[in-house]
file protein16.cif (mmCIF, C-alpha atoms, pLDDT in the B column; chains and numbers go by the auth columns)
data_coords
#
loop_
_atom_site.group_PDB
_atom_site.id
_atom_site.type_symbol
_atom_site.label_atom_id
_atom_site.label_comp_id
_atom_site.label_asym_id
_atom_site.label_seq_id
_atom_site.Cartn_x
_atom_site.Cartn_y
_atom_site.Cartn_z
_atom_site.B_iso_or_equiv
_atom_site.auth_seq_id
_atom_site.auth_asym_id
ATOM 1 C CA MET A 1 34.747 139.678 -47.985 61.00 249 I
ATOM 2 C CA GLN A 2 31.253 139.652 -49.451 62.00 250 I
ATOM 3 C CA THR A 3 29.281 136.620 -50.506 69.00 251 I
ATOM 4 C CA ALA A 4 25.777 136.008 -51.740 69.00 252 I
ATOM 5 C CA VAL A 5 23.645 132.917 -52.158 72.00 253 I
ATOM 6 C CA LEU A 6 20.384 132.419 -53.983 70.00 254 I
ATOM 7 C CA THR A 7 18.158 129.402 -54.438 74.00 255 I
ATOM 8 C CA ASP A 8 15.002 128.970 -56.499 72.00 256 I
ATOM 9 C CA LYS A 9 12.236 126.517 -55.695 69.00 257 I
ATOM 10 C CA GLY A 10 11.287 126.097 -59.339 73.00 258 I
ATOM 11 C CA PRO A 11 7.829 124.585 -59.810 75.00 259 I
ATOM 12 C CA ARG A 12 7.753 123.023 -56.332 71.00 260 I
ATOM 13 C CA GLU A 13 5.594 124.316 -53.493 73.00 261 I
ATOM 14 C CA SER A 14 8.479 124.730 -51.083 72.00 262 I
ATOM 15 C CA ASN A 15 12.211 125.316 -51.266 73.00 263 I
ATOM 16 C CA GLN A 16 14.333 122.836 -49.329 81.00 264 I
ATOM 17 C CA ASP A 17 17.623 124.189 -50.691 83.00 265 I
ATOM 18 C CA GLN A 18 20.110 125.916 -48.399 85.00 266 I
ATOM 19 C CA ALA A 19 23.507 127.422 -49.076 87.00 267 I
ATOM 20 C CA GLY A 20 26.124 129.053 -46.914 87.00 268 I
ATOM 21 C CA VAL A 21 29.565 130.568 -47.299 88.00 269 I
ATOM 22 C CA PHE A 22 31.645 131.430 -44.269 89.00 270 I
ATOM 23 C CA PHE A 23 34.985 133.068 -43.570 84.00 271 I
ATOM 24 C CA SER A 24 36.276 133.958 -40.139 77.00 272 I
ATOM 25 C CA ALA A 25 39.089 136.481 -39.688 75.00 273 I
ATOM 26 C CA LYS A 26 39.707 134.809 -36.317 76.00 274 I
ATOM 27 C CA ASN A 27 40.200 131.482 -38.114 75.00 275 I
ATOM 28 C CA ALA A 28 41.691 132.846 -41.334 75.00 276 I
ATOM 29 C CA GLY A 29 43.917 129.783 -41.668 82.00 277 I
ATOM 30 C CA LYS A 30 40.790 127.657 -42.103 86.00 278 I
ATOM 31 C CA GLY A 31 40.027 129.357 -45.435 88.00 279 I
ATOM 32 C CA VAL A 32 36.576 129.938 -46.845 90.00 280 I
ATOM 33 C CA VAL A 33 34.037 127.125 -46.487 92.00 281 I
ATOM 34 C CA GLY A 34 31.028 126.853 -48.761 92.00 282 I
ATOM 35 C CA VAL A 35 28.174 124.386 -48.390 95.00 283 I
ATOM 36 C CA ILE A 36 25.147 123.654 -50.579 94.00 284 I
ATOM 37 C CA CYS A 37 22.383 121.346 -49.364 94.00 285 I
ATOM 38 C CA ASP A 38 19.235 120.145 -51.076 90.00 286 I
ATOM 39 C CA GLY A 39 16.568 118.610 -48.868 88.00 287 I
ATOM 40 C CA VAL A 40 15.364 115.253 -50.096 86.00 288 I
ATOM 41 C CA GLY A 41 12.075 116.080 -51.795 72.00 289 I
ATOM 42 C CA GLY A 42 9.014 114.095 -50.892 66.00 290 I
ATOM 43 C CA ARG A 43 10.467 113.291 -47.464 70.00 291 I
ATOM 44 C CA ASN A 44 9.672 114.875 -44.112 79.00 292 I
ATOM 45 C CA SER A 45 11.407 118.129 -43.186 89.00 293 I
ATOM 46 C CA GLY A 46 14.030 118.285 -45.926 89.00 294 I
ATOM 47 C CA ASP A 47 14.271 122.024 -45.307 89.00 295 I
ATOM 48 C CA LEU A 48 15.132 121.415 -41.634 93.00 296 I
ATOM 49 C CA ALA A 49 17.685 118.754 -42.574 94.00 297 I
ATOM 50 C CA SER A 50 19.396 121.102 -45.050 93.00 298 I
ATOM 51 C CA GLN A 51 19.598 123.970 -42.568 93.00 299 I
ATOM 52 C CA LEU A 52 20.880 121.679 -39.827 95.00 300 I
ATOM 53 C CA ALA A 53 23.524 120.335 -42.219 96.00 301 I
ATOM 54 C CA ILE A 54 24.680 123.820 -43.288 95.00 302 I
ATOM 55 C CA ASN A 55 24.988 125.080 -39.714 95.00 303 I
ATOM 56 C CA THR A 56 26.674 121.943 -38.410 96.00 304 I
ATOM 57 C CA ILE A 57 29.166 121.634 -41.262 96.00 305 I
ATOM 58 C CA ILE A 58 30.262 125.271 -41.078 94.00 306 I
ATOM 59 C CA ASN A 59 30.457 125.408 -37.267 94.00 307 I
ATOM 60 C CA SER A 60 32.158 122.033 -36.924 95.00 308 I
ATOM 61 C CA TYR A 61 34.676 122.793 -39.653 94.00 309 I
ATOM 62 C CA MET A 62 35.582 126.206 -38.236 92.00 310 I
ATOM 63 C CA ASN A 63 35.943 124.848 -34.688 93.00 311 I
ATOM 64 C CA ASP A 64 37.905 121.711 -35.606 93.00 312 I
ATOM 65 C CA GLY A 65 41.488 122.027 -34.379 92.00 313 I
ATOM 66 C CA GLY A 66 42.904 119.763 -37.069 92.00 314 I
ATOM 67 C CA LYS A 67 45.425 120.984 -39.641 90.00 315 I
ATOM 68 C CA ASP A 68 44.239 119.023 -42.684 93.00 316 I
ATOM 69 C CA ALA A 69 41.268 120.823 -44.289 92.00 317 I
ATOM 70 C CA GLY A 70 39.978 117.667 -45.970 94.00 318 I
ATOM 71 C CA GLU A 71 39.942 115.702 -42.733 96.00 319 I
ATOM 72 C CA CYS A 72 38.294 118.605 -40.863 95.00 320 I
ATOM 73 C CA LEU A 73 35.612 118.884 -43.535 96.00 321 I
ATOM 74 C CA ASN A 74 35.031 115.132 -43.518 96.00 322 I
ATOM 75 C CA ARG A 75 34.532 115.177 -39.738 98.00 323 I
ATOM 76 C CA ALA A 76 32.154 118.134 -40.088 97.00 324 I
ATOM 77 C CA VAL A 77 30.007 116.276 -42.626 97.00 325 I
ATOM 78 C CA ASP A 78 29.985 113.196 -40.377 97.00 326 I
ATOM 79 C CA ARG A 79 28.811 115.358 -37.454 98.00 327 I
ATOM 80 C CA ALA A 80 26.035 116.835 -39.591 97.00 328 I
ATOM 81 C CA ASN A 81 24.915 113.369 -40.637 96.00 329 I
ATOM 82 C CA SER A 82 24.811 112.235 -37.008 97.00 330 I
ATOM 83 C CA LYS A 83 22.843 115.313 -35.907 97.00 331 I
ATOM 84 C CA ILE A 84 20.282 114.825 -38.668 95.00 332 I
ATOM 85 C CA PHE A 85 19.936 111.137 -37.807 94.00 333 I
ATOM 86 C CA VAL A 86 19.393 111.916 -34.113 96.00 334 I
ATOM 87 C CA ARG A 87 16.939 114.728 -34.869 95.00 335 I
ATOM 88 C CA ALA A 88 14.993 112.499 -37.266 93.00 336 I
ATOM 89 C CA GLY A 89 14.571 109.946 -34.496 92.00 337 I
ATOM 90 C CA SER A 90 13.443 112.497 -31.940 93.00 338 I
ATOM 91 C CA LYS A 91 9.990 113.137 -33.352 92.00 339 I
ATOM 92 C CA HIS A 92 7.617 111.047 -35.447 92.00 340 I
ATOM 93 C CA SER A 93 7.026 113.862 -37.958 89.00 341 I
ATOM 94 C CA LEU A 94 10.782 114.022 -38.700 91.00 342 I
ATOM 95 C CA ILE A 95 11.313 110.338 -39.462 90.00 343 I
ATOM 96 C CA GLY A 96 13.052 109.965 -42.820 89.00 344 I
ATOM 97 C CA MET A 97 14.195 113.559 -43.155 92.00 345 I
ATOM 98 C CA GLY A 98 17.336 113.968 -45.202 93.00 346 I
ATOM 99 C CA THR A 99 19.429 116.170 -47.417 94.00 347 I
ATOM 100 C CA THR A 100 22.246 115.994 -49.905 94.00 348 I
ATOM 101 C CA ALA A 101 25.332 118.082 -49.220 95.00 349 I
ATOM 102 C CA VAL A 102 28.260 119.436 -51.202 95.00 350 I
ATOM 103 C CA ALA A 103 31.016 121.281 -49.360 95.00 351 I
ATOM 104 C CA ALA A 104 34.284 122.885 -50.372 94.00 352 I
ATOM 105 C CA VAL A 105 37.108 124.745 -48.693 93.00 353 I
ATOM 106 C CA VAL A 106 39.257 127.285 -50.467 89.00 354 I
#

call {"tool": "encode", "arguments": {"input": "protein16.cif", "output": "structure tokens"}}
result
Amino acid sequence: MQTAVLTDKGPRESNQDQAGVFFSAKNAGKGVVGVICDGVGGRNSGDLASQLAINTIINSYMNDGGKDAGECLNRAVDRANSKIFVRAGSKHSLIGMGTTAVAAVV
């Protein structure tokens, strides 16, 4: 299976967008998970928040032993939110970092 992702920063100085698509033959029953995140512009480290969200959502979803894809994905997004919240509180320069996230499983 081949996938590709592309983001464009537009007129902004930096690109805080992240996207990921993942399929695991080992976990074929989990389907294909795709995630798009957009760091909250004007806030600290939106790019870090988006990348942390992508990685956490994909890894958590794929490693969740549950049978219901929607519930597994919901737990994965909750874990990403918690990780971002903890990371934001770990360093003054990260306070307020955030991202939006859209995820789907096929």

call {"tool": "resolve_selection", "arguments": {"input": "protein16.cif", "expression": "the PyMOL selection byres ((chain I and resi 268) around 9)", "output": "list in words"}}
result
Thr251, Ala252, Val253, Gln266, Ala267, Val269, Phe270, Val281, Gly282, Val283, Ile284, Cys285, Ile302, Asn303 and Ile306 of chain I

call {"tool": "resolve_selection", "arguments": {"input": "protein16.cif", "expression": "the PyMOL selection byres ((chain I and resi 335) around 12)", "output": "ChimeraX atom specification"}}
result
/I:292-294,296-297,300-301,328-334,336-346

call {"tool": "residues_around", "arguments": {"input": "protein16.cif", "residues": "I:Gly287", "least_positions_apart": "6", "cutoff": "6 Å", "atoms": "all atoms listed in the file", "output": "list in words"}}
result
Gln264, Asp265, Gly294, Asp295, Ser298, Gly346 and Thr347 of chain I

call {"tool": "resolve_selection", "arguments": {"input": "protein16.cif", "expression": "the PyMOL selection byres ((chain I and resi 316-320) around 12)", "output": "PyMOL selection string"}}
result
chain I and resi 277-281+305-315+321-327+351-354

call {"tool": "atom_distance", "arguments": {"input": "protein16.cif", "atom1": "atom CA of I:Ala349", "atom2": "atom CA of I:Ala276"}}
result
23.4 Å

call {"tool": "atom_distance", "arguments": {"input": "protein16.cif", "atom1": "atom CA of I:Leu254", "atom2": "atom CA of I:Asp286"}}
result
12.7 Å

call {"tool": "atom_distance", "arguments": {"input": "protein16.cif", "atom1": "atom CA of I:Ala273", "atom2": "atom CA of I:Thr348"}}
result
28.4 Å

call {"tool": "axis_aligned_box", "arguments": {"input": "protein16.cif", "around": "stretch 303-320 of chain I", "padding_each_side": "8 Å", "output": "AutoDock Vina command-line options"}}
result
--center_x 35.2 --center_y 121.0 --center_z -40.2 --size_x 36.4 --size_y 26.5 --size_z 27.6
